[in-house]
>>> print(open('my_file.tsv').read())   # TSV, C-alpha atoms and all ligand atoms
chain	number	residue	atom	x	y	z
X	1	MET	CA	0.00	0.00	0.00
X	2	LYS	CA	1.13	3.55	-0.66
X	3	LEU	CA	1.96	5.72	2.34
X	4	GLU	CA	-0.75	8.25	1.46
X	5	ASP	CA	-3.38	5.51	1.23
X	6	ILE	CA	-2.29	4.13	4.56
X	7	MET	CA	-2.51	7.57	6.17
X	8	SER	CA	-5.85	8.36	4.66
X	9	ARG	CA	-7.30	5.04	5.82
X	10	LEU	CA	-5.99	5.73	9.35
X	11	ALA	CA	-7.53	9.21	9.26
X	12	GLU	CA	-10.82	7.73	8.09
X	13	VAL	CA	-10.85	5.27	10.98
X	14	ALA	CA	-10.02	8.04	13.48
X	15	ARG	CA	-12.94	10.07	12.12
X	16	SER	CA	-15.31	7.15	12.47
X	17	VAL	CA	-14.73	6.35	16.14
X	18	PRO	CA	-15.25	8.43	19.30
X	19	ILE	CA	-12.09	10.19	20.52
X	20	HIS	CA	-11.65	11.85	23.93
X	21	TYR	CA	-10.51	15.26	22.77
X	22	ARG	CA	-13.35	15.57	20.30
X	23	ASP	CA	-16.35	13.59	21.54
X	24	GLY	CA	-18.26	13.05	24.76
X	25	ILE	CA	-16.75	9.86	26.14
X	26	LEU	CA	-18.54	9.57	29.48
X	27	GLY	CA	-18.83	5.88	30.29
X	28	SER	CA	-15.29	4.62	29.81
X	29	MET	CA	-12.56	4.51	32.45
X	30	THR	CA	-10.02	5.72	29.89
X	31	THR	CA	-8.81	9.30	29.61
X	32	PRO	CA	-6.16	11.05	27.50
X	33	PRO	CA	-2.70	10.29	28.90
X	34	HIS	CA	-0.49	13.09	30.22
X	35	PRO	CA	2.07	14.36	27.63
X	36	LEU	CA	4.95	13.54	29.98
X	37	ALA	CA	3.74	9.94	30.27
X	38	LYS	CA	3.45	9.72	26.48
X	39	ALA	CA	7.00	11.01	26.02
X	40	ALA	CA	8.37	8.48	28.52
X	41	PHE	CA	6.32	5.76	26.79
X	42	ASP	CA	7.85	6.59	23.41
X	43	MET	CA	11.40	6.56	24.80
X	44	PHE	CA	11.18	2.98	26.04
X	45	GLN	CA	8.34	1.26	24.24
X	46	GLY	CA	10.62	-0.95	22.12
X	47	LEU	CA	12.63	-2.35	25.04
X	48	ASN	CA	11.74	-5.57	26.87
X	49	VAL	CA	11.65	-5.08	30.66
X	50	ASN	CA	11.60	-8.84	31.07
X	51	ASP	CA	15.22	-9.02	29.94
X	52	GLU	CA	16.55	-8.11	33.36
X	53	GLU	CA	20.16	-8.54	32.37
X	54	LEU	CA	19.98	-5.74	29.80
X	55	TYR	CA	17.21	-3.65	31.31
X	56	ARG	CA	17.62	-3.92	35.08
X	57	PRO	CA	17.38	-0.09	35.38
X	58	LEU	CA	13.89	-0.27	33.84
X	59	ARG	CA	12.89	-2.90	36.39
X	60	GLU	CA	14.16	-0.46	39.04
X	61	LEU	CA	11.88	2.29	37.69
X	62	GLU	CA	9.05	-0.24	37.81
X	63	GLU	CA	9.77	-1.15	41.44
X	64	GLU	CA	9.92	2.54	42.41
X	65	ALA	CA	6.59	3.25	40.72
X	66	ILE	CA	4.96	0.23	42.39
X	67	LYS	CA	6.32	1.30	45.79
X	68	GLU	CA	4.87	4.78	45.38
X	69	LEU	CA	1.45	3.42	44.34
X	70	GLY	CA	1.62	0.88	47.17
X	71	SER	CA	2.31	3.64	49.69
X	72	TYR	CA	-1.04	5.25	48.77
X	73	LEU	CA	-2.62	1.98	49.89
X	74	GLY	CA	-0.72	1.85	53.14
X	75	GLY	CA	2.17	-0.38	52.03
X	76	SER	CA	5.83	0.19	52.88
X	77	ARG	CA	7.75	-2.77	51.40
X	78	CYS	CA	5.60	-3.41	48.35
X	79	THR	CA	6.75	-4.99	45.12
X	80	GLY	CA	4.87	-6.09	42.01
X	81	TYR	CA	4.82	-5.26	38.33
X	82	ILE	CA	3.20	-3.14	35.66
X	83	THR	CA	0.61	-5.30	33.93
X	84	SER	CA	-1.59	-4.78	30.89
X	85	GLY	CA	-4.47	-3.67	33.12
X	86	GLY	CA	-6.78	-4.51	35.98
X	87	SER	CA	-7.77	-7.87	34.53
X	88	GLU	CA	-4.18	-9.13	34.37
X	89	SER	CA	-3.48	-7.75	37.86
X	90	ASN	CA	-6.50	-9.57	39.26
X	91	LEU	CA	-5.51	-12.78	37.47
X	92	ALA	CA	-1.96	-12.52	38.81
X	93	ALA	CA	-3.22	-11.74	42.34
X	94	LEU	CA	-5.52	-14.78	42.42
X	95	TYR	CA	-2.71	-16.91	40.99
X	96	LEU	CA	-0.47	-15.79	43.88
X	97	ALA	CA	-3.22	-16.62	46.37
X	98	ARG	CA	-3.62	-20.07	44.85
X	99	GLU	CA	0.13	-20.75	44.89
X	100	HIS	CA	0.19	-19.83	48.58
X	101	GLY	CA	-2.51	-22.40	49.24
X	102	PHE	CA	-5.80	-20.48	49.03
X	103	ASN	CA	-8.36	-22.02	46.70
X	104	ASN	CA	-11.66	-20.35	47.50
X	105	VAL	CA	-12.38	-16.94	45.99
X	106	TYR	CA	-14.86	-14.91	48.05
X	107	TYR	CA	-16.36	-12.10	46.00
X	108	THR	CA	-19.61	-10.15	45.52
X	109	ALA	CA	-21.79	-9.53	42.49
X	110	ALA	CA	-20.31	-6.02	42.35
X	111	ALA	CA	-16.76	-7.34	41.84
X	112	HIS	CA	-15.33	-6.78	38.36
X	113	HIS	CA	-16.00	-9.69	35.98
X	114	SER	CA	-12.24	-10.30	35.70
X	115	ILE	CA	-12.42	-11.86	39.19
X	116	THR	CA	-14.78	-14.69	38.24
X	117	LYS	CA	-12.92	-14.99	34.92
X	118	ALA	CA	-9.62	-15.43	36.80
X	119	ALA	CA	-11.18	-17.96	39.20
X	120	TYR	CA	-12.41	-19.91	36.18
X	121	LEU	CA	-9.03	-19.82	34.39
X	122	LEU	CA	-7.18	-20.84	37.55
X	123	ARG	CA	-9.76	-23.50	38.45
X	124	MET	CA	-10.30	-21.87	41.83
X	125	ARG	CA	-13.66	-22.06	43.58
X	126	PRO	CA	-15.79	-18.89	43.41
X	127	VAL	CA	-17.99	-18.29	46.48
X	128	GLU	CA	-20.40	-15.37	46.17
X	129	VAL	CA	-20.79	-13.25	49.29
X	130	LYS	CA	-23.98	-11.23	49.88
X	131	MET	CA	-24.00	-7.45	49.80
X	132	LYS	CA	-25.60	-4.76	51.90
X	133	GLU	CA	-26.21	-1.58	49.93
X	134	TYR	CA	-23.89	-2.81	47.17
X	135	ARG	CA	-21.02	-3.46	49.60
X	136	MET	CA	-19.70	-6.80	50.86
X	137	ASP	CA	-21.61	-7.92	53.96
X	138	PRO	CA	-19.04	-9.08	56.56
X	139	ALA	CA	-21.68	-11.24	58.31
X	140	SER	CA	-22.35	-13.15	55.09
X	141	LEU	CA	-18.60	-13.58	54.59
X	142	ARG	CA	-18.23	-14.93	58.14
X	143	SER	CA	-20.84	-17.64	57.71
X	144	LEU	CA	-19.60	-18.58	54.22
X	145	CYS	CA	-15.97	-18.90	55.19
X	146	LYS	CA	-16.88	-20.93	58.29
X	147	ALA	CA	-18.71	-23.32	55.97
X	148	ASN	CA	-16.23	-23.37	53.08
X	149	GLY	CA	-12.85	-22.78	54.68
X	150	PRO	CA	-10.01	-20.32	54.04
X	151	GLY	CA	-9.65	-18.45	50.78
X	152	VAL	CA	-8.82	-15.13	49.18
X	153	VAL	CA	-11.43	-12.46	49.81
X	154	VAL	CA	-11.69	-9.93	47.00
X	155	VAL	CA	-12.82	-6.48	48.06
X	156	THR	CA	-13.34	-3.62	45.65
X	157	VAL	CA	-12.38	-0.03	46.32
X	158	GLY	CA	-14.59	1.67	43.76
X	159	THR	CA	-16.97	-0.80	42.15
X	160	THR	CA	-17.21	-0.68	38.36
X	161	SER	CA	-21.00	-0.50	38.24
X	162	VAL	CA	-22.08	1.71	41.17
X	163	GLY	CA	-18.93	3.29	42.64
X	164	THR	CA	-19.07	1.85	46.16
X	165	ILE	CA	-16.22	0.81	48.45
X	166	ASP	CA	-16.36	-2.51	50.28
X	167	PRO	CA	-15.73	-2.28	54.06
X	168	VAL	CA	-12.08	-3.31	53.80
X	169	GLU	CA	-11.33	-3.13	57.55
X	170	GLU	CA	-14.33	-5.19	58.70
X	171	VAL	CA	-13.79	-7.70	55.89
X	172	SER	CA	-10.11	-8.01	56.84
X	173	ASP	CA	-11.08	-8.74	60.46
X	174	VAL	CA	-13.40	-11.52	59.31
X	175	ALA	CA	-10.72	-12.82	56.92
X	176	ALA	CA	-8.28	-13.03	59.84
X	177	GLU	CA	-10.85	-15.02	61.86
X	178	CYS	CA	-11.09	-17.46	58.93
X	179	ASP	CA	-7.33	-17.72	58.26
X	180	SER	CA	-7.96	-16.10	54.92
X	181	ILE	CA	-6.22	-13.37	52.97
X	182	VAL	CA	-7.56	-10.31	51.15
X	183	HIS	CA	-6.99	-8.89	47.68
X	184	VAL	CA	-7.99	-5.26	47.18
X	185	ASP	CA	-9.21	-4.38	43.70
X	186	ALA	CA	-8.63	-0.63	43.61
X	187	ALA	CA	-8.19	-0.44	39.83
X	188	LEU	CA	-10.03	2.88	39.61
X	189	GLY	CA	-10.57	3.89	43.24
X	190	GLY	CA	-6.94	3.49	44.31
X	191	LEU	CA	-6.14	7.00	43.13
X	192	VAL	CA	-9.25	8.52	44.72
X	193	ALA	CA	-10.24	6.82	47.95
X	194	PRO	CA	-6.96	7.10	49.92
X	195	PHE	CA	-7.02	10.87	49.41
X	196	VAL	CA	-10.73	11.53	49.86
X	197	TYR	CA	-11.10	9.19	52.87
X	198	PRO	CA	-7.69	9.48	54.57
X	199	ASN	CA	-8.97	7.98	57.83
X	200	ARG	CA	-10.08	4.71	56.31
X	201	LYS	CA	-7.65	1.80	56.16
X	202	LEU	CA	-8.22	0.61	52.61
X	203	GLY	CA	-5.16	-1.50	51.96
X	204	PHE	CA	-1.99	-2.94	53.44
X	205	GLN	CA	-2.65	-1.35	56.88
X	206	ASN	CA	-4.80	-4.47	57.33
X	207	GLY	CA	-2.69	-7.56	58.03
X	208	PRO	CA	-4.58	-10.02	55.78
X	209	VAL	CA	-4.28	-7.76	52.68
X	210	MET	CA	-1.59	-9.39	50.54
X	211	SER	CA	-2.15	-7.75	47.16
X	212	ALA	CA	-3.88	-4.90	45.37
X	213	THR	CA	-4.79	-3.84	41.85
X	214	LEU	CA	-4.33	-0.18	40.91
X	215	ASP	CA	-4.41	0.88	37.28
X	216	PRO	CA	-2.12	3.68	36.09
X	217	HIS	CA	-4.02	3.72	32.77
X	218	LYS	CA	-7.21	4.83	34.49
X	219	LEU	CA	-6.81	7.75	36.91
X	220	GLY	CA	-3.01	7.54	36.83
X	221	LEU	CA	-2.92	9.37	33.45
X	222	ALA	CA	-0.59	6.78	31.89
X	223	PRO	CA	-1.19	5.60	28.30
X	224	LEU	CA	-2.87	2.22	27.69
X	225	PRO	CA	-1.91	-0.46	28.52
X	226	ALA	CA	-0.70	0.09	32.08
X	227	GLY	CA	-2.10	-1.80	35.04
X	228	GLY	CA	-0.54	-2.23	38.43
X	229	LEU	CA	-0.20	-5.34	40.57
X	230	ILE	CA	1.03	-4.40	44.03
X	231	VAL	CA	1.92	-7.11	46.54
X	232	ARG	CA	2.80	-6.86	50.22
X	233	ASP	CA	6.40	-8.11	49.99
X	234	GLU	CA	8.97	-10.13	48.05
X	235	HIS	CA	7.92	-13.40	49.65
X	236	TRP	CA	4.32	-13.12	48.45
X	237	PHE	CA	5.52	-12.13	44.95
X	238	LYS	CA	7.85	-15.13	44.50
X	239	PRO	CA	5.49	-17.36	42.44
X	240	LEU	CA	5.40	-14.66	39.73
X	241	ASP	CA	9.14	-14.97	39.19
X	242	PHE	CA	9.40	-17.66	36.52
X	243	LYS	CA	12.40	-19.58	35.24
X	244	ALA	CA	13.19	-18.70	31.60
X	245	GLU	CA	16.34	-20.42	30.40
X	246	TYR	CA	16.99	-18.45	27.24
X	247	TYR	CA	16.96	-15.06	28.92
X	248	PRO	CA	20.45	-14.00	30.02
X	249	ALA	CA	19.12	-13.50	33.55
X	250	GLY	CA	17.53	-16.96	33.45
X	251	HIS	CA	14.18	-15.76	34.75
X	252	GLN	CA	11.29	-13.47	33.96
X	253	VAL	CA	8.62	-11.63	35.94
X	254	GLY	CA	4.85	-11.76	35.39
X	255	LEU	CA	2.21	-13.97	33.79
X	256	PHE	CA	3.18	-13.27	30.19
X	257	GLY	CA	6.38	-12.90	28.19
X	258	THR	CA	7.81	-9.83	26.51
X	259	ARG	CA	6.86	-6.70	28.44
X	260	SER	CA	7.25	-3.28	26.89
X	261	GLY	CA	9.27	-0.69	28.74
X	262	GLY	CA	6.77	1.94	27.52
X	263	PRO	CA	4.10	1.46	30.19
X	264	VAL	CA	6.79	1.06	32.86
X	265	ALA	CA	8.63	4.28	32.06
X	266	ALA	CA	5.36	6.16	31.49
X	267	THR	CA	3.97	5.04	34.84
X	268	TRP	CA	7.15	5.89	36.69
X	269	ALA	CA	7.31	9.36	35.12
X	270	ILE	CA	3.70	10.30	35.74
X	271	VAL	CA	3.59	8.86	39.26
X	272	LYS	CA	6.72	10.80	40.21
X	273	TYR	CA	5.35	13.95	38.55
X	274	MET	CA	1.86	13.84	40.05
X	275	GLY	CA	2.83	12.31	43.37
X	276	ARG	CA	0.52	12.05	46.34
X	277	ASP	CA	-0.39	15.76	46.20
X	278	GLY	CA	-1.15	15.83	42.49
X	279	TYR	CA	-3.37	12.76	42.62
X	280	ALA	CA	-5.07	14.03	45.78
X	281	ALA	CA	-5.94	17.33	44.09
X	282	GLN	CA	-7.30	15.45	41.07
X	283	ALA	CA	-9.35	13.16	43.33
X	284	HIS	CA	-11.00	16.06	45.16
X	285	GLU	CA	-11.78	17.82	41.89
X	286	LEU	CA	-13.35	14.67	40.38
X	287	MET	CA	-15.48	14.05	43.47
X	288	GLU	CA	-16.65	17.66	43.34
X	289	ARG	CA	-17.79	17.16	39.72
X	290	THR	CA	-19.36	13.84	40.71
X	291	ARG	CA	-21.51	15.55	43.36
X	292	TYR	CA	-22.46	18.18	40.78
X	293	LEU	CA	-23.63	15.48	38.38
X	294	LEU	CA	-25.53	13.65	41.13
X	295	ASN	CA	-27.41	16.84	41.91
X	296	GLU	CA	-28.28	17.47	38.27
X	297	VAL	CA	-29.44	13.88	37.80
X	298	LYS	CA	-31.68	14.07	40.85
X	299	GLY	CA	-33.02	17.34	39.42
X	300	LEU	CA	-34.24	15.35	36.40
X	301	GLY	CA	-36.22	13.12	38.75
X	302	LEU	CA	-33.83	10.21	38.25
X	303	GLU	CA	-32.24	8.07	40.94
X	304	THR	CA	-28.95	6.38	41.68
X	305	PRO	CA	-28.79	3.03	43.54
X	306	VAL	CA	-26.43	4.55	46.15
X	307	ASP	CA	-24.42	7.71	46.64
X	308	PRO	CA	-21.12	6.73	44.99
X	309	GLU	CA	-17.85	7.00	46.90
X	310	VAL	CA	-15.64	7.22	43.79
X	311	PRO	CA	-16.35	9.12	40.54
X	312	VAL	CA	-18.73	6.50	39.09
X	313	VAL	CA	-22.39	7.49	38.74
X	314	CYS	CA	-25.00	4.86	37.90
X	315	ILE	CA	-28.27	6.46	36.81
X	316	GLU	CA	-31.10	3.98	37.23
X	317	HIS	CA	-33.36	3.47	34.22
X	318	ALA	CA	-35.19	0.43	32.88
X	319	GLY	CA	-34.56	1.54	29.29
X	320	ASP	CA	-30.79	1.73	29.66
X	321	ASP	CA	-30.08	0.29	26.22
X	322	TYR	CA	-32.37	2.81	24.56
X	323	LEU	CA	-30.84	5.71	26.51
X	324	MET	CA	-27.29	4.59	25.73
X	325	ARG	CA	-27.97	4.33	22.00
X	326	SER	CA	-29.97	7.56	21.77
X	327	LEU	CA	-27.20	9.50	23.52
X	328	ALA	CA	-24.57	7.91	21.28
X	329	LYS	CA	-26.40	9.21	18.21
X	330	GLU	CA	-25.74	12.70	19.59
X	331	GLY	CA	-22.05	12.02	20.21
X	332	VAL	CA	-22.30	11.33	23.94
X	333	TYR	CA	-21.12	7.87	24.93
X	334	VAL	CA	-22.14	6.26	28.23
X	335	TYR	CA	-21.96	2.64	29.39
X	336	LYS	CA	-24.53	0.53	31.18
X	337	CYS	CA	-24.17	0.00	34.96
X	338	GLY	CA	-24.42	-3.77	34.59
X	339	LEU	CA	-25.33	-4.68	38.14
X	340	VAL	CA	-28.59	-2.69	38.01
X	341	PRO	CA	-30.52	-1.39	34.98
X	342	GLY	CA	-29.19	2.06	34.22
X	343	ILE	CA	-26.50	4.08	32.49
X	344	ARG	CA	-23.06	4.75	33.92
X	345	VAL	CA	-20.96	7.89	33.82
X	346	VAL	CA	-17.34	7.79	34.99
X	347	VAL	CA	-16.14	11.27	35.88
X	348	MET	CA	-12.63	10.98	34.44
X	349	PRO	CA	-10.24	13.96	34.22
X	350	HIS	CA	-11.44	14.88	30.70
X	351	VAL	CA	-15.09	14.91	31.86
X	352	THR	CA	-15.51	18.61	32.56
X	353	LYS	CA	-18.54	20.37	33.99
X	354	ALA	CA	-19.28	21.66	30.48
X	355	LEU	CA	-19.39	18.08	29.19
X	356	LEU	CA	-21.58	17.04	32.13
X	357	ASP	CA	-23.96	19.93	31.32
X	358	LYS	CA	-24.14	18.79	27.71
X	359	PHE	CA	-24.89	15.26	28.87
X	360	VAL	CA	-27.61	16.34	31.29
X	361	SER	CA	-29.41	18.49	28.75
X	362	LEU	CA	-29.25	15.72	26.13
X	363	LEU	CA	-30.51	13.24	28.68
X	364	ARG	CA	-33.44	15.54	29.48
X	365	GLU	CA	-34.27	15.72	25.77
X	366	VAL	CA	-34.01	11.97	25.20
X	367	LEU	CA	-36.19	11.27	28.22
X	368	SER	CA	-38.88	13.71	27.10
X	369	GLN	CA	-38.97	12.15	23.63
X	370	GLN	CA	-39.41	8.75	25.22
X	371	ARG	CA	-42.33	9.78	27.42
N	401	LIG	C1	-11.35	-1.36	35.19
N	401	LIG	C2	-11.42	-2.34	36.28
N	401	LIG	C3	-10.87	-3.62	36.14
N	401	LIG	C4	-10.32	-4.14	34.82
N	401	LIG	O1	-9.31	-3.38	34.32
N	401	LIG	P1	-8.83	-3.53	32.79
N	401	LIG	O2	-7.72	-2.56	32.75
N	401	LIG	O3	-10.00	-3.18	31.95
N	401	LIG	O4	-8.39	-4.93	32.59
N	401	LIG	C5	-10.88	-4.46	37.23
N	401	LIG	N1	-11.44	-4.08	38.39
N	401	LIG	C6	-12.00	-2.87	38.56
N	401	LIG	C7	-12.62	-2.51	39.88
N	401	LIG	C8	-12.01	-1.95	37.51
N	401	LIG	O5	-12.56	-0.74	37.67
>>> encode(input="my_file.tsv", output="structure tokens", more="lines below")
Ligand SMILES: *Cc1c(COP(=O)(O)O)cnc(C)c1O
Amino acid sequence: MKLEDIMSRLAEVARSVPIHYRDGILGSMTTPPHPLAKAAFDMFQGLNVNDEELYRPLRELEEEAIKELGSYLGGSRCTGYITSGGSESNLAALYLAREHGFNNVYYTAAAHHSITKAAYLLRMRPVEVKMKEYRMDPASLRSLCKANGPGVVVVTVGTTSVGTIDPVEEVSDVAAECDSIVHVDAALGGLVAPFVYPNRKLGFQNGPVMSATLDPHKLGLAPLPAGGLIVRDEHWFKPLDFKAEYYPAGHQVGLFGTRSGGPVAATWAIVKYMGRDGYAAQAHELMERTRYLLNEVKGLGLETPVDPEVPVVCIEHAGDDYLMRSLAKEGVYVYKCGLVPGIRVVVMPHVTKALLDKFVSLLREVLSQQR
């Protein structure tokens, strides 16, 4: 193909799909990456972090970034690796739990689907725990783990469908009673909750918490794909260090093979640049916009299943499919909540008040046409 034909086809595809800087992407947990993160990504994207002999300094950047992210969740000696996203982090976390002898996976219906997917792939036993107001019910966990035995309890800090936070402390206490461990899925909420609720112990402050998921490619402002698996210490991480004879170092880290240095360098750069204060400021701003949206939505006579604790707003509506498709025709793209009938807005950094206003007025229009 000629270069100009290739470029014009690419331009045509870019015109035909929604793009953050041009359209109203309101339902996705993606956002445009920070320019610094993109620059760092470009510098190292062609290098393989898994060759530790040649690229040990990249692995050091990775460990520094993981330590910083882990510190937000109360960890001090954390290690881990930059994954392709929350799904891989959750898979790797459950794999670690299994290798350390835990076969049951306690989870709720509000857990991300990658949890049951991982349990299925790893042939672990999923045990569904009841919820109270869309949060894990510690009493239900207690009776289930007494009946079924120890396992890994998956709590979510910022549920994908309704934006709630499981009671990590109470669940950890019950897990300790049952000789179980806890994995914290804070893929989205990990860069909000620690700053907005500084008095809650949402992570490694609780003894049974052995691992956490926190995605730099969501609120971290890193380019896709960049997920984070954070584990308590070197000992817990060991099963993810695999023998690989042909590598000069003789081993390799993580579930998969070649790992690009792009996401690693990008995550390190943006985490060091934003730091605790930068992410805290972003978190407060996003929660402020979230409350604004909640108010507007209630003004339309609509309801949310709960008041969200992270910037995820589920707007209840039986005709969610119709609403989603009607809004999309006008260039505003929401998702469905999933857990309950309704449409979901994630207030990501690019979701400004102006965009929220546009959404609310379109929603009002679509609803009036439907009635
Ligand atoms: C987004 C998300 C995931 C999955 O992350 P991917 O990067 O899409 O694989 C897992 N858990 C939670 C709570 C999430 O919000």
>>> closest_atom_pairs(input="my_file.tsv", of="chain X", to="ligand LIG 401 (chain N)", cutoff="8 Å", atoms="all atoms listed in the file", output="CSV")
residue,atom,partner,partner_atom,distance
X:Met29,CA,N:LIG401,C1,6.6
X:Ser84,CA,N:LIG401,O2,6.8
X:Gly85,CA,N:LIG401,O2,3.5
X:Gly86,CA,N:LIG401,O1,3.2
X:Ser87,CA,N:LIG401,O4,3.6
X:Glu88,CA,N:LIG401,O4,6.2
X:Ser89,CA,N:LIG401,O4,7.7
X:Asn90,CA,N:LIG401,C5,7.0
X:Ala111,CA,N:LIG401,C7,6.7
X:His112,CA,N:LIG401,N1,4.7
X:His113,CA,N:LIG401,C5,7.4
X:Ser114,CA,N:LIG401,C5,6.2
X:Ile115,CA,N:LIG401,C5,7.8
X:Thr156,CA,N:LIG401,C7,5.9
X:Val157,CA,N:LIG401,C7,6.9
X:Gly158,CA,N:LIG401,C7,6.0
X:Thr159,CA,N:LIG401,C7,5.2
X:Thr160,CA,N:LIG401,O5,4.7
X:Asp185,CA,N:LIG401,C7,5.5
X:Ala186,CA,N:LIG401,C7,5.8
X:Ala187,CA,N:LIG401,C6,4.7
X:Leu188,CA,N:LIG401,O5,4.8
X:Gly189,CA,N:LIG401,O5,7.5
X:Thr213,CA,N:LIG401,N1,7.5
X:Asp215,CA,N:LIG401,O2,6.6
X:His217,CA,N:LIG401,O2,7.3
X:Lys218,CA,N:LIG401,C1,7.5
X:Pro225,CA,N:LIG401,O2,7.5
X:Ala226,CA,N:LIG401,O2,7.5
X:Gly227,CA,N:LIG401,O2,6.1
>>> residues_around(input="my_file.tsv", residues="region 346-348 of chain X", least_positions_apart="2", cutoff="10 Å", atoms="only C-alpha atoms", output="PyMOL selection string")
chain X and resi 25-32+160-163+188+218-219+221+282-283+285-290+293+310-314+334-335+344+350-353+356
>>> write_last_selection(input="my_file.tsv", atoms="C-alpha atoms", output="PDB file, in the coordinates of the input")
ATOM      1  CA  ILE X  25     -16.750   9.860  26.140  1.00  0.00           C
ATOM      2  CA  LEU X  26     -18.540   9.570  29.480  1.00  0.00           C
ATOM      3  CA  GLY X  27     -18.830   5.880  30.290  1.00  0.00           C
ATOM      4  CA  SER X  28     -15.290   4.620  29.810  1.00  0.00           C
ATOM      5  CA  MET X  29     -12.560   4.510  32.450  1.00  0.00           C
ATOM      6  CA  THR X  30     -10.020   5.720  29.890  1.00  0.00           C
ATOM      7  CA  THR X  31      -8.810   9.300  29.610  1.00  0.00           C
ATOM      8  CA  PRO X  32      -6.160  11.050  27.500  1.00  0.00           C
ATOM      9  CA  THR X 160     -17.210  -0.680  38.360  1.00  0.00           C
ATOM     10  CA  SER X 161     -21.000  -0.500  38.240  1.00  0.00           C
ATOM     11  CA  VAL X 162     -22.080   1.710  41.170  1.00  0.00           C
ATOM     12  CA  GLY X 163     -18.930   3.290  42.640  1.00  0.00           C
ATOM     13  CA  LEU X 188     -10.030   2.880  39.610  1.00  0.00           C
ATOM     14  CA  LYS X 218      -7.210   4.830  34.490  1.00  0.00           C
ATOM     15  CA  LEU X 219      -6.810   7.750  36.910  1.00  0.00           C
ATOM     16  CA  LEU X 221      -2.920   9.370  33.450  1.00  0.00           C
ATOM     17  CA  GLN X 282      -7.300  15.450  41.070  1.00  0.00           C
ATOM     18  CA  ALA X 283      -9.350  13.160  43.330  1.00  0.00           C
ATOM     19  CA  GLU X 285     -11.780  17.820  41.890  1.00  0.00           C
ATOM     20  CA  LEU X 286     -13.350  14.670  40.380  1.00  0.00           C
ATOM     21  CA  MET X 287     -15.480  14.050  43.470  1.00  0.00           C
ATOM     22  CA  GLU X 288     -16.650  17.660  43.340  1.00  0.00           C
ATOM     23  CA  ARG X 289     -17.790  17.160  39.720  1.00  0.00           C
ATOM     24  CA  THR X 290     -19.360  13.840  40.710  1.00  0.00           C
ATOM     25  CA  LEU X 293     -23.630  15.480  38.380  1.00  0.00           C
ATOM     26  CA  VAL X 310     -15.640   7.220  43.790  1.00  0.00           C
ATOM     27  CA  PRO X 311     -16.350   9.120  40.540  1.00  0.00           C
ATOM     28  CA  VAL X 312     -18.730   6.500  39.090  1.00  0.00           C
ATOM     29  CA  VAL X 313     -22.390   7.490  38.740  1.00  0.00           C
ATOM     30  CA  CYS X 314     -25.000   4.860  37.900  1.00  0.00           C
ATOM     31  CA  VAL X 334     -22.140   6.260  28.230  1.00  0.00           C
ATOM     32  CA  TYR X 335     -21.960   2.640  29.390  1.00  0.00           C
ATOM     33  CA  ARG X 344     -23.060   4.750  33.920  1.00  0.00           C
ATOM     34  CA  HIS X 350     -11.440  14.880  30.700  1.00  0.00           C
ATOM     35  CA  VAL X 351     -15.090  14.910  31.860  1.00  0.00           C
ATOM     36  CA  THR X 352     -15.510  18.610  32.560  1.00  0.00           C
ATOM     37  CA  LYS X 353     -18.540  20.370  33.990  1.00  0.00           C
ATOM     38  CA  LEU X 356     -21.580  17.040  32.130  1.00  0.00           C
TER      39      LEU X 356
END
>>> closest_atom_pairs(input="my_file.tsv", of="region 202-298 of chain X", to="region 94-103 of chain X", cutoff="8 Å", atoms="only C-alpha atoms", output="Markdown table")
| residue | atom | partner | partner_atom | distance |
| --- | --- | --- | --- | --- |
| X:Trp236 | CA | X:Leu96 | CA | 7.1 |
| X:Phe237 | CA | X:Leu96 | CA | 7.1 |
| X:Pro239 | CA | X:Leu96 | CA | 6.3 |
| X:Leu240 | CA | X:Leu96 | CA | 7.3 |
>>> residues_around(input="my_file.tsv", residues="Leu229 (chain X)", least_positions_apart="2", cutoff="7 Å", atoms="only C-alpha atoms", output="PyMOL selection string")
chain X and resi 80-83+89+212-214+227+231
>>> axis_aligned_box(input="my_file.tsv", around="region 327-346 of chain X", padding_each_side="4 Å", output="lines of an AutoDock Vina configuration file")
center_x = -23.9
center_y = 4.0
center_z = 28.2
size_x = 21.2
size_y = 25.4
size_z = 27.9
>>> atom_distance(input="my_file.tsv", atom1="CA of Ala14 (chain X)", atom2="CA of Leu47 (chain X)")
27.5 Å
>>> residues_around(input="my_file.tsv", residues="Cys145 (chain X)", least_positions_apart="3", cutoff="9 Å", atoms="only C-alpha atoms", output="mmCIF file with C-alpha atoms, in the coordinates of the input")
data_model
loop_
_atom_site.group_PDB
_atom_site.id
_atom_site.type_symbol
_atom_site.label_atom_id
_atom_site.label_comp_id
_atom_site.auth_asym_id
_atom_site.auth_seq_id
_atom_site.Cartn_x
_atom_site.Cartn_y
_atom_site.Cartn_z
ATOM 1 C CA ASN X 104 -11.660 -20.350 47.500
ATOM 2 C CA TYR X 106 -14.860 -14.910 48.050
ATOM 3 C CA VAL X 127 -17.990 -18.290 46.480
ATOM 4 C CA SER X 140 -22.350 -13.150 55.090
ATOM 5 C CA LEU X 141 -18.600 -13.580 54.590
ATOM 6 C CA ARG X 142 -18.230 -14.930 58.140
ATOM 7 C CA ASN X 148 -16.230 -23.370 53.080
ATOM 8 C CA GLY X 149 -12.850 -22.780 54.680
ATOM 9 C CA PRO X 150 -10.010 -20.320 54.040
ATOM 10 C CA GLY X 151 -9.650 -18.450 50.780
ATOM 11 C CA VAL X 174 -13.400 -11.520 59.310
ATOM 12 C CA ALA X 175 -10.720 -12.820 56.920
ATOM 13 C CA CYS X 178 -11.090 -17.460 58.930
ATOM 14 C CA SER X 180 -7.960 -16.100 54.920
#
